[in-house]
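Undergrad: Sharing a structure below in structure tokens format, with a few things to ask.
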Amino acid sequence: MAAYLYRTIRIQLKTSCLIVTSFTALWIGGATNVRAQSFQAGGYFTTVSPHGEFNENVTNNGYGAGGYFLVRLGSSPFLAGGDVGIVVYGSESRDEPFSLTIPEVSVSVRTSNNILLAHSILRIQPREGRIRPYADGLIGLKHLFTRTSICCQFDGEEIAGTTNLSDTTFSYGAGVGVQVPISRRSGLDISLDGNVRYLRGTRGEYLKKGSIRRDNGQLFYDIFSSRTDVIAVQIGVSFSF
């Protein structure tokens, strides 16, 4: 199961890099004298806790990873850019025969409930200081989707898969964090980075663990609908250059 979750996160992050690039290009395009600006990039692990109406339907936390890239706007304390992460907030699996005519071979049927988070960020942070706190304003989207895959039991590779349900909601919010330096090499500052974000989300439809039921060969979906507010806690490493 751990290998499957890792592979899901890895595949979605590759797709998400395109969104990060688009957000960053928009911000850079509106800035002047880019060469004189400093940059900040990083990766993190995150846990996401449903809040409000969302928590009434989904009571467990989600876990995942993400990354961001920011550009400092001239000599100001502001940085702007993009952030993308993927979270798995529920999963289940079972073993099934490959087919009725080949019952000796089994495959794993795995279902995961996911949230892709993509946001533009405006950050305010002092340019100097050993410990550097910051505050973020975020605006973007949450893409909620549930995917079921048939995987090889030997190596976990996906044989076939389908998206059972997906929906995209508008997302916005704010966060606070702090960076604590751990190394400096040739103008590259490496810091531990931790933050907490509250991300409001408009109403969307989604599934959760146990929402897909089978009865006499037929599928039934218990679809939930609510706002998609979450609280995200992130910890990772940042690079400033």
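In the structure tokens, chains take letters A, B, ... by order of appearance, with residues numbered from 1 within each chain and ligands from 1 in the order shown.
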Per residue of segment 125-203 of chain A within 9 Å of segment 35-58 of chain A, record the nearest atom pair and its distance in Å to one decimal, counting only C-alpha atoms, with rows in chain order and ascending residue number, as CSV.
TA:
residue,atom,partner,partner_atom,distance
A:Asp193,CA,A:Tyr44,CA,8.1
A:Gly194,CA,A:Tyr44,CA,8.5
A:Arg200,CA,A:His51,CA,8.9
Undergrad: Which of segment 36-97 of chain A end up as helix (DSSP H, G or I) when DSSP is run on this backbone - answer as number ranges by chain?
TA: A: 36, 53-57
Undergrad: As an exercise, work out the distance from atom CA of Gln153 of chain A to atom CA of Ser106 of chain A in Å and give it to one decimal place.
TA: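 Answer for the atom CA of Gln153 of chain A to atom CA of Ser106 of chain A separation: 7.4 Å.
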Undergrad: Mind giving me the straight-line distance from atom CA of Gly137 of chain A to atom CA of Leu116 of chain A in Å, one decimal?
TA: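 If I compute the distance from atom CA of Gly137 of chain A to atom CA of Leu116 of chain A, I get 18.2 Å.
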Undergrad: For Val87 of chain A, which residue among A:Ala232, A:Arg185, A:Leu100, A:Ser149 is the nearest when counting only C-alpha atoms?
TA: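 Looking only at the distances to Val87 of chain A, the closest residue turns out to be A:Ala232.
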Undergrad: What is the distance, in Å and to one decimal place, between atom CA of Gly74 of chain A and atom CA of Asp189 of chain A?
TA: 18.6 Å
Undergrad: With distances taken over only C-alpha atoms, which of A:Ile159, A:Thr101, A:Gly62, A:Ile86 is nearest to Ile231 of chain A?
TA: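 Using only C-alpha atoms, the shortest distance to Ile231 of chain A belongs to A:Gly62.
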Undergrad: Can you list, as a PyMOL selection string, all residues belonging to segment 8-241 of chain A that DSSP tags as strand (DSSP E or B)?
TA: chain A and resi 39-50+62-72+78-97+106-124+132-151+158-185+188-201+204-206+212-215+218-221+224-226+230-240
Undergrad: Compile the contact shell of segment 144-146 of chain A as a PyMOL selection string: residues with an atom at most 8 Å away, counting only C-alpha atoms, same-chain residues fewer than 4 positions apart removed.
TA: chain A and resi 111-116+163-168+205-208
Undergrad: Give the answer as one residue: which of A:Leu219, A:Leu122, A:Ile150, A:Leu117 has the shortest atom-to-atom distance to Phe170 of chain A, using only C-alpha atoms?
TA: A:Leu117
Undergrad: What lies within 9 Å of Ser76 of chain A using only C-alpha atoms, ignoring chain neighbours under 3 positions off, as a PDB file with C-alpha atoms, in the first residue's frame?
TA:
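Printed below is part-v6.pdb as written:
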ATOM      1  CA  ARG A  72      11.199  38.032  -4.863  1.00  0.00           C
ATOM      2  CA  LEU A  73       9.673  41.200  -6.279  1.00  0.00           C
ATOM      3  CA  LEU A  79       7.668  37.024  -3.076  1.00  0.00           C
ATOM      4  CA  ILE A 124       5.650  38.614   2.752  1.00  0.00           C
ATOM      5  CA  PRO A 126      11.956  39.819   5.655  1.00  0.00           C
ATOM      6  CA  ARG A 127      14.961  39.622   3.360  1.00  0.00           C
TER       7      ARG A 127
END
